[in-house]
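I have placed the structure first, in the form of structure tokens, so that the comments after it can refer back to it.
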Amino acid sequence: MVAVSRERFEELVGRALDEIPDELVEMMENVVVLVEDEGEESDIWGLYDGVPLTDRGDYGGGEMVLPDRIYIYRLPICEGCDSEAEVVEQVGITVIHEVAHHFGIEDDRLDELGWG
């Protein structure tokens, strides 16, 4: 396990988000990225909780809708890595993976693309 403080981990998530091309960031809609120590399932590294852009249709029906949530889980990532460099890499992969779910890309396709 690699010890990475919550503050440092949040910085890594922010940097990973900064790496997303501006064209894609502009397309992201009503989504927030959150860092948590771990989720309900302790073996997952991230989670997208929401309605993908591809499925929205009349999303909200004119009503205010709470944002979708992308969770990045600090402790499982740190436990699964052997160095801070590996944590940095895995945070980047996890952020891209969960943002891809926001765009409607499923796990099978992400695996094919190397982001599984």
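Chain labels run A, B, ... following the order of the structure tokens; each chain numbers its residues from 1, and ligands are numbered from 1 in the order shown.
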Neighbours of Leu12 of chain A within 9 Å (only C-alpha atoms; same-chain residues fewer than 2 positions away dropped), as a ChimeraX atom specification?
/A:7-10,14-17,87-88,91-92
Quick check for you: according to DSSP on this backbone, which residues of chain A are classed as strand (DSSP E)? Reply as a ChimeraX atom specification.
/A:31-36,46-49,68-73
Export of the given selection (N, CA and C atoms) as an mmCIF file, in the first residue's frame:
```cif
data_model
loop_
_atom_site.group_PDB
_atom_site.id
_atom_site.type_symbol
_atom_site.label_atom_id
_atom_site.label_comp_id
_atom_site.auth_asym_id
_atom_site.auth_seq_id
_atom_site.Cartn_x
_atom_site.Cartn_y
_atom_site.Cartn_z
ATOM 1 N N VAL A 31 -22.326 17.191 -13.883
ATOM 2 C CA VAL A 31 -21.593 16.103 -13.242
ATOM 3 C C VAL A 31 -20.553 16.703 -12.304
ATOM 4 N N VAL A 32 -20.363 16.050 -11.174
ATOM 5 C CA VAL A 32 -19.372 16.476 -10.190
ATOM 6 C C VAL A 32 -18.453 15.291 -9.900
ATOM 7 N N VAL A 33 -17.176 15.588 -9.678
ATOM 8 C CA VAL A 33 -16.201 14.548 -9.347
ATOM 9 C C VAL A 33 -15.848 14.691 -7.877
ATOM 10 N N LEU A 34 -15.975 13.581 -7.151
ATOM 11 C CA LEU A 34 -15.756 13.571 -5.708
ATOM 12 C C LEU A 34 -14.700 12.542 -5.334
ATOM 13 N N VAL A 35 -13.880 12.875 -4.364
ATOM 14 C CA VAL A 35 -12.919 11.926 -3.806
ATOM 15 C C VAL A 35 -13.491 11.416 -2.495
ATOM 16 N N GLU A 36 -13.529 10.110 -2.361
ATOM 17 C CA GLU A 36 -13.966 9.461 -1.123
ATOM 18 C C GLU A 36 -12.875 8.469 -0.726
ATOM 19 N N GLY A 46 -13.353 3.390 -8.597
ATOM 20 C CA GLY A 46 -14.139 4.537 -9.000
ATOM 21 C C GLY A 46 -15.547 4.103 -9.328
ATOM 22 N N LEU A 47 -16.460 5.072 -9.401
ATOM 23 C CA LEU A 47 -17.854 4.768 -9.690
ATOM 24 C C LEU A 47 -18.500 5.970 -10.353
ATOM 25 N N TYR A 48 -19.249 5.704 -11.416
ATOM 26 C CA TYR A 48 -20.090 6.729 -12.029
ATOM 27 C C TYR A 48 -21.509 6.461 -11.589
ATOM 28 N N ASP A 49 -22.151 7.462 -11.002
ATOM 29 C CA ASP A 49 -23.525 7.349 -10.530
ATOM 30 C C ASP A 49 -24.337 8.443 -11.206
ATOM 31 N N ASP A 68 -24.921 14.344 -11.721
ATOM 32 C CA ASP A 68 -24.357 13.008 -11.693
ATOM 33 C C ASP A 68 -23.104 13.084 -10.837
ATOM 34 N N ARG A 69 -22.684 11.939 -10.319
ATOM 35 C CA ARG A 69 -21.509 11.922 -9.458
ATOM 36 C C ARG A 69 -20.498 10.899 -9.965
ATOM 37 N N ILE A 70 -19.257 11.341 -10.017
ATOM 38 C CA ILE A 70 -18.140 10.433 -10.268
ATOM 39 C C ILE A 70 -17.353 10.377 -8.967
ATOM 40 N N TYR A 71 -17.221 9.173 -8.442
ATOM 41 C CA TYR A 71 -16.460 8.963 -7.215
ATOM 42 C C TYR A 71 -15.116 8.331 -7.572
ATOM 43 N N ILE A 72 -14.055 8.865 -7.009
ATOM 44 C CA ILE A 72 -12.731 8.272 -7.113
ATOM 45 C C ILE A 72 -12.327 7.889 -5.688
ATOM 46 N N TYR A 73 -12.023 6.595 -5.487
ATOM 47 C CA TYR A 73 -11.807 6.069 -4.148
ATOM 48 C C TYR A 73 -10.313 5.960 -3.824
#
```
Contacts of Thr54 of chain A within 12 Å, only C-alpha atoms, excl. fewer than 3 positions in-chain, as a list in words
Met27, Met28, Glu29, Gly50, Val51, Gly57, Asp58, Tyr59, Ala100, His101, His102, Phe103, Gly104, Ile105 and Glu106 of chain A
Just to be explicit: take each residue in the selection above, keep N, CA and C atoms, and write the result as a PDB file, in the first residue's frame.
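Ended up saving to out_29.pdb:
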```
ATOM      1  N   MET A  27     -18.355  19.361 -23.199  1.00  0.00           N
ATOM      2  CA  MET A  27     -19.522  18.513 -23.429  1.00  0.00           C
ATOM      3  C   MET A  27     -20.049  17.891 -22.137  1.00  0.00           C
ATOM      4  N   MET A  28     -19.243  17.880 -21.097  1.00  0.00           N
ATOM      5  CA  MET A  28     -19.678  17.294 -19.828  1.00  0.00           C
ATOM      6  C   MET A  28     -20.771  18.176 -19.241  1.00  0.00           C
ATOM      7  N   GLU A  29     -21.822  17.538 -18.760  1.00  0.00           N
ATOM      8  CA  GLU A  29     -22.983  18.291 -18.318  1.00  0.00           C
ATOM      9  C   GLU A  29     -23.526  17.754 -16.997  1.00  0.00           C
ATOM     10  N   GLY A  50     -25.078   8.068 -12.235  1.00  0.00           N
ATOM     11  CA  GLY A  50     -25.858   9.070 -12.935  1.00  0.00           C
ATOM     12  C   GLY A  50     -26.474   8.527 -14.202  1.00  0.00           C
ATOM     13  N   VAL A  51     -26.933   9.434 -15.040  1.00  0.00           N
ATOM     14  CA  VAL A  51     -27.538   9.102 -16.323  1.00  0.00           C
ATOM     15  C   VAL A  51     -26.564   9.549 -17.411  1.00  0.00           C
ATOM     16  N   GLY A  57     -32.078  12.093 -23.067  1.00  0.00           N
ATOM     17  CA  GLY A  57     -33.347  12.489 -23.675  1.00  0.00           C
ATOM     18  C   GLY A  57     -33.888  13.753 -23.049  1.00  0.00           C
ATOM     19  N   ASP A  58     -35.046  13.668 -22.423  1.00  0.00           N
ATOM     20  CA  ASP A  58     -35.659  14.801 -21.729  1.00  0.00           C
ATOM     21  C   ASP A  58     -35.189  14.831 -20.279  1.00  0.00           C
ATOM     22  N   TYR A  59     -33.910  14.729 -20.090  1.00  0.00           N
ATOM     23  CA  TYR A  59     -33.268  14.669 -18.779  1.00  0.00           C
ATOM     24  C   TYR A  59     -33.796  15.772 -17.875  1.00  0.00           C
ATOM     25  N   ALA A 100     -15.658   8.461 -18.998  1.00  0.00           N
ATOM     26  CA  ALA A 100     -16.161   7.763 -20.185  1.00  0.00           C
ATOM     27  C   ALA A 100     -17.567   7.220 -19.942  1.00  0.00           C
ATOM     28  N   HIS A 101     -17.843   6.736 -18.729  1.00  0.00           N
ATOM     29  CA  HIS A 101     -19.200   6.277 -18.410  1.00  0.00           C
ATOM     30  C   HIS A 101     -20.194   7.436 -18.515  1.00  0.00           C
ATOM     31  N   HIS A 102     -19.783   8.628 -18.132  1.00  0.00           N
ATOM     32  CA  HIS A 102     -20.642   9.817 -18.264  1.00  0.00           C
ATOM     33  C   HIS A 102     -21.025  10.032 -19.731  1.00  0.00           C
ATOM     34  N   PHE A 103     -20.111   9.693 -20.638  1.00  0.00           N
ATOM     35  CA  PHE A 103     -20.366   9.821 -22.071  1.00  0.00           C
ATOM     36  C   PHE A 103     -21.055   8.591 -22.655  1.00  0.00           C
ATOM     37  N   GLY A 104     -21.385   7.615 -21.805  1.00  0.00           N
ATOM     38  CA  GLY A 104     -22.130   6.444 -22.259  1.00  0.00           C
ATOM     39  C   GLY A 104     -21.273   5.298 -22.750  1.00  0.00           C
ATOM     40  N   ILE A 105     -19.988   5.325 -22.506  1.00  0.00           N
ATOM     41  CA  ILE A 105     -19.105   4.244 -22.938  1.00  0.00           C
ATOM     42  C   ILE A 105     -19.110   3.157 -21.864  1.00  0.00           C
ATOM     43  N   GLU A 106     -19.413   1.935 -22.287  1.00  0.00           N
ATOM     44  CA  GLU A 106     -19.556   0.808 -21.360  1.00  0.00           C
ATOM     45  C   GLU A 106     -18.207   0.147 -21.066  1.00  0.00           C
TER      46      GLU A 106
END
```
List the spatial neighbours of His97 of chain A as a tab-separated table (two decimals) with N, CA and C atoms, in the first residue's frame - criterion: any atom at most 8 Å away, only C-alpha atoms, same-chain residues fewer than 5 positions off excluded.
```
chain	number	residue	atom	x	y	z
A	110	LEU	N	-14.43	0.06	-22.94
A	110	LEU	CA	-13.28	0.62	-22.23
A	110	LEU	C	-12.16	-0.40	-22.13
A	115	TRP	N	-8.68	1.09	-21.23
A	115	TRP	CA	-9.04	1.92	-20.07
A	115	TRP	C	-9.90	1.15	-19.07
A	116	GLY	N	-9.82	-0.18	-19.11
A	116	GLY	CA	-10.65	-1.00	-18.24
A	116	GLY	C	-10.20	-1.04	-16.82
```
Just want the 10 Å neighbourhood of Glu79 of chain A, counted on only C-alpha atoms, with same-chain residues fewer than 5 positions away dropped. Output as a ChimeraX atom specification.
/A:1-3,43,74,87
Keeping only C-alpha atoms, write the selected residues to a file as a PDB file, in the first residue's frame.
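Result saved to part.pdb:
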```pdb
ATOM      1  CA  MET A   1       0.000   0.000   0.000  1.00  0.00           C
ATOM      2  CA  VAL A   2       1.161   3.517  -0.793  1.00  0.00           C
ATOM      3  CA  ALA A   3       0.332   6.236   1.724  1.00  0.00           C
ATOM      4  CA  ASP A  43     -12.592  -3.323  -4.110  1.00  0.00           C
ATOM      5  CA  ARG A  74      -8.492   6.871  -2.500  1.00  0.00           C
ATOM      6  CA  VAL A  87      -1.003   5.840  -7.906  1.00  0.00           C
TER       7      VAL A  87
END
```
Give me, as number ranges by chain, the residues of segment 21-100 of chain A that a backbone DSSP run labels alpha helix (DSSP H).
A: 22-27, 74-79, 84-100
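Atom CA of Pro76 of chain A to atom CA of Ser42 of chain A spans 6.6 Å [interatomic distance, one decimal].
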